[in-house]
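Peer 1: Below you will find the structure I want to go over with you.
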Amino acid sequence: MSGTGEVLRVTATDAALALIDRLAARHGPLMFHQSGGCCDGSAPMCYARGEFIVGDYDRLLGHIGGMPFYISGPQFEYWQHTQLIIDMVPGRGGMFSLEGPQGVRFLTRSRLFTDEEWVVLEAAEAGQARRA
């Protein structure tokens with residue numbers, strides 16, 4: 001949980017946040033998308049905001065480093081019981097992802113929500129649905 005008691009569906013490591021800061025300084029506002037497809041689609045992809053069109057079935061999972069993080073609907077159904085933790089590791093990123101030329105890539109790690117977190121998350125999302 002965050003310091004406010006809010007359960008976050010997506011977070012990032014310090015290394016990933018530092019990379020986001022570097023990429024944003026160079027490219028401006030960013031966005032992330034994880035589609036769950038094969039090859040590059042199975043990794044979180046980082047784009048300059050507006051360079052990727054979010055689809056009707058994509059879901060805003062949260063923000064990392066102040067940048068929106070979207071996930072495809074089918075991927076969300078699969079991962080909905082887990083918190084995604086975006087990390088940075090050495091290696092070659094996706095060919096369209098902005099970190100590719102840096103010699104590093106974003107990587108999604110995950111952990112299951114605890115029972116207590118799941119209760120808080122469901123209550124928060126039910127409240128959002130009622131307000132929508």
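Quick note on naming: the chains in the structure tokens go A, B, ... in the order shown, residues restart at 1 in each chain, and ligands are numbered from 1 in order of appearance.
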Would you list the contacts of Ser110 of chain A as number ranges by chain, taking every protein, DNA or RNA residue within 10 Å and counting only C-alpha atoms, but skipping same-chain residues closer than 2 positions in sequence?

Peer 2: A: 9-11, 79, 81-86, 107-108, 112-113

Peer 1: For segment 61-69 of chain A, list every protein, DNA or RNA residue within 6 Å, evaluated using only C-alpha atoms, and leave out those in the same chain fewer than 4 positions away; present the list as a ChimeraX atom specification.

Peer 2: /A:10-11,17,30-33

Peer 1: Please report, as a list in words, each residue of segment 18-101 of chain A to which DSSP assigns helix (DSSP H, G or I) when run on this structure's backbone.

Peer 2: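 Answer for segment 18-101 of chain A restricted to helix (DSSP H, G or I) is Ala18, Leu19, Ile20, Asp21, Arg22, Leu23, Ala24, Ala25, Arg26, His27, Cys39, Asp40, Gly41, Ser42, Gly73, Pro74, Gln75, Phe76, Glu77, Tyr78, Trp79, Gly100 and Pro101 of chain A.
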
Peer 1: Atom CA of Glu99 of chain A and atom CA of Leu23 of chain A are how many Å apart?

Peer 2: 7.3 Å

Peer 1: For Phe96 of chain A, which residue among A:Gly36, A:Gly28, A:Gly5, A:Pro44 is the nearest when counting only C-alpha atoms?

Peer 2: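 Result for the nearest residue to Phe96 of chain A: A:Pro44.
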
Peer 1: I'd like the contact shell of Gly100 of chain A - 12 Å cut-off, only C-alpha atoms, skipping same-chain residues fewer than 2 positions apart - returned as a compact mmCIF listing (two decimals) with N, CA, C and O atoms, in the first residue's frame.

Peer 2:
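Full text of out28.txt as output:
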```txt
# COMPACT_ATOMS: atom_id res chain seq x y z
N LEU A 19 15.26 6.17 -14.83
CA LEU A 19 15.24 6.07 -16.30
C LEU A 19 14.07 6.88 -16.87
O LEU A 19 14.23 7.57 -17.88
N LEU A 23 14.42 9.80 -19.65
CA LEU A 23 13.70 9.75 -20.92
C LEU A 23 12.76 10.95 -21.07
O LEU A 23 12.64 11.52 -22.15
N ASP A 40 7.78 -7.97 -28.47
CA ASP A 40 7.85 -6.69 -27.77
C ASP A 40 6.62 -6.43 -26.92
O ASP A 40 6.70 -5.76 -25.90
N ALA A 43 6.47 -6.92 -22.93
CA ALA A 43 7.21 -6.02 -22.05
C ALA A 43 6.51 -4.67 -22.01
O ALA A 43 5.83 -4.29 -22.96
N PRO A 44 6.68 -3.93 -20.92
CA PRO A 44 6.10 -2.59 -20.91
C PRO A 44 6.82 -1.72 -21.93
O PRO A 44 8.04 -1.70 -21.99
N MET A 45 6.06 -1.04 -22.75
CA MET A 45 6.63 -0.19 -23.78
C MET A 45 6.47 1.27 -23.37
O MET A 45 5.42 1.66 -22.89
N CYS A 46 7.51 2.05 -23.59
CA CYS A 46 7.53 3.46 -23.24
C CYS A 46 7.51 4.28 -24.53
O CYS A 46 8.34 4.06 -25.42
N TYR A 47 6.57 5.20 -24.61
CA TYR A 47 6.41 6.05 -25.78
C TYR A 47 6.35 7.52 -25.37
O TYR A 47 5.93 7.83 -24.25
N MET A 88 13.97 -1.72 -14.15
CA MET A 88 14.88 -1.50 -15.27
C MET A 88 16.02 -2.50 -15.12
O MET A 88 16.55 -2.68 -14.02
N VAL A 89 16.36 -3.17 -16.21
CA VAL A 89 17.44 -4.14 -16.20
C VAL A 89 18.31 -3.93 -17.45
O VAL A 89 17.84 -3.36 -18.44
N PRO A 90 19.57 -4.37 -17.39
CA PRO A 90 20.40 -4.29 -18.60
C PRO A 90 19.81 -5.17 -19.70
O PRO A 90 19.18 -6.19 -19.42
N GLY A 91 20.01 -4.77 -20.92
CA GLY A 91 19.54 -5.58 -22.04
C GLY A 91 18.89 -4.72 -23.09
O GLY A 91 18.77 -3.51 -22.96
N ARG A 92 18.46 -5.37 -24.12
CA ARG A 92 17.85 -4.68 -25.25
C ARG A 92 16.34 -4.62 -25.05
O ARG A 92 15.69 -5.63 -24.87
N GLY A 93 15.81 -3.41 -25.09
CA GLY A 93 14.37 -3.22 -24.96
C GLY A 93 13.66 -3.43 -26.28
O GLY A 93 14.28 -3.76 -27.30
N GLY A 94 12.37 -3.23 -26.27
CA GLY A 94 11.58 -3.34 -27.48
C GLY A 94 12.00 -2.31 -28.50
O GLY A 94 12.41 -1.21 -28.15
N MET A 95 11.91 -2.65 -29.76
CA MET A 95 12.44 -1.76 -30.80
C MET A 95 11.71 -0.43 -30.88
O MET A 95 12.27 0.54 -31.34
N PHE A 96 10.47 -0.35 -30.40
CA PHE A 96 9.74 0.90 -30.46
C PHE A 96 9.72 1.63 -29.12
O PHE A 96 9.23 2.73 -29.02
N SER A 97 10.23 0.99 -28.10
CA SER A 97 10.23 1.58 -26.77
C SER A 97 11.42 2.53 -26.63
O SER A 97 12.53 2.23 -27.08
N LEU A 98 11.18 3.68 -26.02
CA LEU A 98 12.19 4.75 -25.99
C LEU A 98 13.47 4.39 -25.27
O LEU A 98 14.52 4.98 -25.54
N GLN A 102 19.29 2.92 -24.96
CA GLN A 102 20.04 3.16 -23.73
C GLN A 102 20.80 1.92 -23.24
O GLN A 102 21.55 1.99 -22.29
N GLY A 103 20.55 0.76 -23.87
CA GLY A 103 21.20 -0.47 -23.42
C GLY A 103 20.53 -1.08 -22.19
O GLY A 103 21.10 -1.95 -21.53
N VAL A 104 19.34 -0.60 -21.88
CA VAL A 104 18.55 -1.13 -20.75
C VAL A 104 17.12 -1.33 -21.24
O VAL A 104 16.76 -0.86 -22.32
N ARG A 105 16.34 -2.01 -20.41
CA ARG A 105 14.93 -2.19 -20.78
C ARG A 105 14.08 -2.20 -19.53
O ARG A 105 14.55 -2.50 -18.44
N PHE A 106 12.83 -1.83 -19.73
CA PHE A 106 11.87 -1.95 -18.65
C PHE A 106 11.43 -3.41 -18.56
O PHE A 106 11.34 -4.10 -19.57
```

Peer 1: Run DSSP on the backbone and grab whatever in chain A lands in strand (DSSP E); send it over as a PyMOL selection string.

Peer 2: chain A and resi 10-12+30-34+45-48+59-64+67-71+82-90+104-112

Peer 1: How about saving the chosen residues, N, CA and C atoms kept, as a compact mmCIF listing (two decimals), in the first residue's frame?

Peer 2:
```txt
# COMPACT_ATOMS: atom_id res chain seq x y z
N VAL A 10 0.09 -0.41 -10.08
CA VAL A 10 1.39 -0.39 -10.73
C VAL A 10 2.32 0.54 -9.96
N THR A 11 3.55 0.10 -9.76
CA THR A 11 4.58 0.89 -9.11
C THR A 11 5.86 0.74 -9.93
N ALA A 12 6.90 1.45 -9.53
CA ALA A 12 8.19 1.34 -10.23
C ALA A 12 9.32 1.39 -9.21
N LEU A 30 5.72 11.24 -21.23
CA LEU A 30 5.75 9.85 -21.69
C LEU A 30 4.45 9.14 -21.35
N MET A 31 4.32 7.94 -21.88
CA MET A 31 3.24 7.03 -21.50
C MET A 31 3.77 5.61 -21.64
N PHE A 32 3.14 4.71 -20.93
CA PHE A 32 3.51 3.30 -20.99
C PHE A 32 2.31 2.48 -21.40
N HIS A 33 2.60 1.36 -22.08
CA HIS A 33 1.54 0.42 -22.46
C HIS A 33 2.10 -0.99 -22.39
N GLN A 34 1.32 -1.87 -21.80
CA GLN A 34 1.68 -3.29 -21.79
C GLN A 34 0.54 -4.06 -22.41
N MET A 45 6.06 -1.04 -22.75
CA MET A 45 6.63 -0.19 -23.78
C MET A 45 6.47 1.27 -23.37
N CYS A 46 7.51 2.05 -23.59
CA CYS A 46 7.53 3.46 -23.24
C CYS A 46 7.51 4.28 -24.53
N TYR A 47 6.57 5.20 -24.61
CA TYR A 47 6.41 6.05 -25.78
C TYR A 47 6.35 7.52 -25.37
N ALA A 48 6.70 8.40 -26.30
CA ALA A 48 6.39 9.81 -26.10
C ALA A 48 4.87 9.90 -26.08
N ARG A 59 -6.78 -0.19 -20.47
CA ARG A 59 -7.18 0.32 -19.16
C ARG A 59 -6.02 1.09 -18.54
N LEU A 60 -6.33 2.26 -18.00
CA LEU A 60 -5.33 3.02 -17.26
C LEU A 60 -5.14 2.33 -15.92
N LEU A 61 -3.95 1.77 -15.73
CA LEU A 61 -3.67 1.02 -14.51
C LEU A 61 -3.21 1.94 -13.39
N GLY A 62 -2.57 3.04 -13.75
CA GLY A 62 -2.05 3.98 -12.77
C GLY A 62 -0.98 4.84 -13.41
N HIS A 63 -0.12 5.39 -12.59
CA HIS A 63 0.97 6.25 -13.07
C HIS A 63 2.27 5.83 -12.42
N ILE A 64 3.34 5.89 -13.18
CA ILE A 64 4.68 5.68 -12.63
C ILE A 64 5.53 6.86 -13.05
N MET A 67 3.81 9.40 -15.09
CA MET A 67 3.42 9.08 -16.47
C MET A 67 2.36 7.98 -16.46
N PRO A 68 1.34 8.09 -17.32
CA PRO A 68 0.27 7.08 -17.34
C PRO A 68 0.78 5.72 -17.82
N PHE A 69 0.23 4.68 -17.20
CA PHE A 69 0.58 3.30 -17.53
C PHE A 69 -0.71 2.57 -17.88
N TYR A 70 -0.81 2.14 -19.13
CA TYR A 70 -1.99 1.43 -19.64
C TYR A 70 -1.67 -0.04 -19.83
N ILE A 71 -2.71 -0.84 -19.74
CA ILE A 71 -2.58 -2.28 -19.99
C ILE A 71 -3.77 -2.70 -20.85
N THR A 82 -2.71 -8.96 -9.24
CA THR A 82 -1.30 -8.70 -8.93
C THR A 82 -0.97 -7.22 -9.07
N GLN A 83 0.02 -6.82 -8.31
CA GLN A 83 0.57 -5.48 -8.47
C GLN A 83 1.73 -5.60 -9.45
N LEU A 84 1.75 -4.76 -10.46
CA LEU A 84 2.86 -4.74 -11.41
C LEU A 84 3.94 -3.81 -10.86
N ILE A 85 5.15 -4.28 -10.88
CA ILE A 85 6.30 -3.52 -10.41
C ILE A 85 7.24 -3.36 -11.60
N ILE A 86 7.34 -2.14 -12.11
CA ILE A 86 8.15 -1.90 -13.29
C ILE A 86 9.58 -1.63 -12.85
N ASP A 87 10.50 -2.39 -13.41
CA ASP A 87 11.91 -2.31 -13.06
C ASP A 87 12.71 -1.99 -14.32
N MET A 88 13.97 -1.72 -14.15
CA MET A 88 14.88 -1.50 -15.27
C MET A 88 16.02 -2.50 -15.12
N VAL A 89 16.36 -3.17 -16.21
CA VAL A 89 17.44 -4.14 -16.20
C VAL A 89 18.31 -3.93 -17.45
N PRO A 90 19.57 -4.37 -17.39
CA PRO A 90 20.40 -4.29 -18.60
C PRO A 90 19.81 -5.17 -19.70
N VAL A 104 19.34 -0.60 -21.88
CA VAL A 104 18.55 -1.13 -20.75
C VAL A 104 17.12 -1.33 -21.24
N ARG A 105 16.34 -2.01 -20.41
CA ARG A 105 14.93 -2.19 -20.78
C ARG A 105 14.08 -2.20 -19.53
N PHE A 106 12.83 -1.83 -19.73
CA PHE A 106 11.87 -1.95 -18.65
C PHE A 106 11.43 -3.41 -18.56
N LEU A 107 11.19 -3.85 -17.35
CA LEU A 107 10.78 -5.23 -17.09
C LEU A 107 9.64 -5.21 -16.08
N THR A 108 8.62 -6.01 -16.32
CA THR A 108 7.51 -6.10 -15.38
C THR A 108 7.73 -7.26 -14.43
N ARG A 109 7.74 -6.94 -13.16
CA ARG A 109 7.74 -7.95 -12.11
C ARG A 109 6.35 -7.87 -11.49
N SER A 110 5.97 -8.85 -10.70
CA SER A 110 4.64 -8.79 -10.11
C SER A 110 4.63 -9.49 -8.76
N ARG A 111 3.61 -9.16 -8.00
CA ARG A 111 3.35 -9.87 -6.75
C ARG A 111 1.84 -9.88 -6.54
N LEU A 112 1.34 -10.94 -5.92
CA LEU A 112 -0.08 -11.02 -5.62
C LEU A 112 -0.45 -10.00 -4.55
```
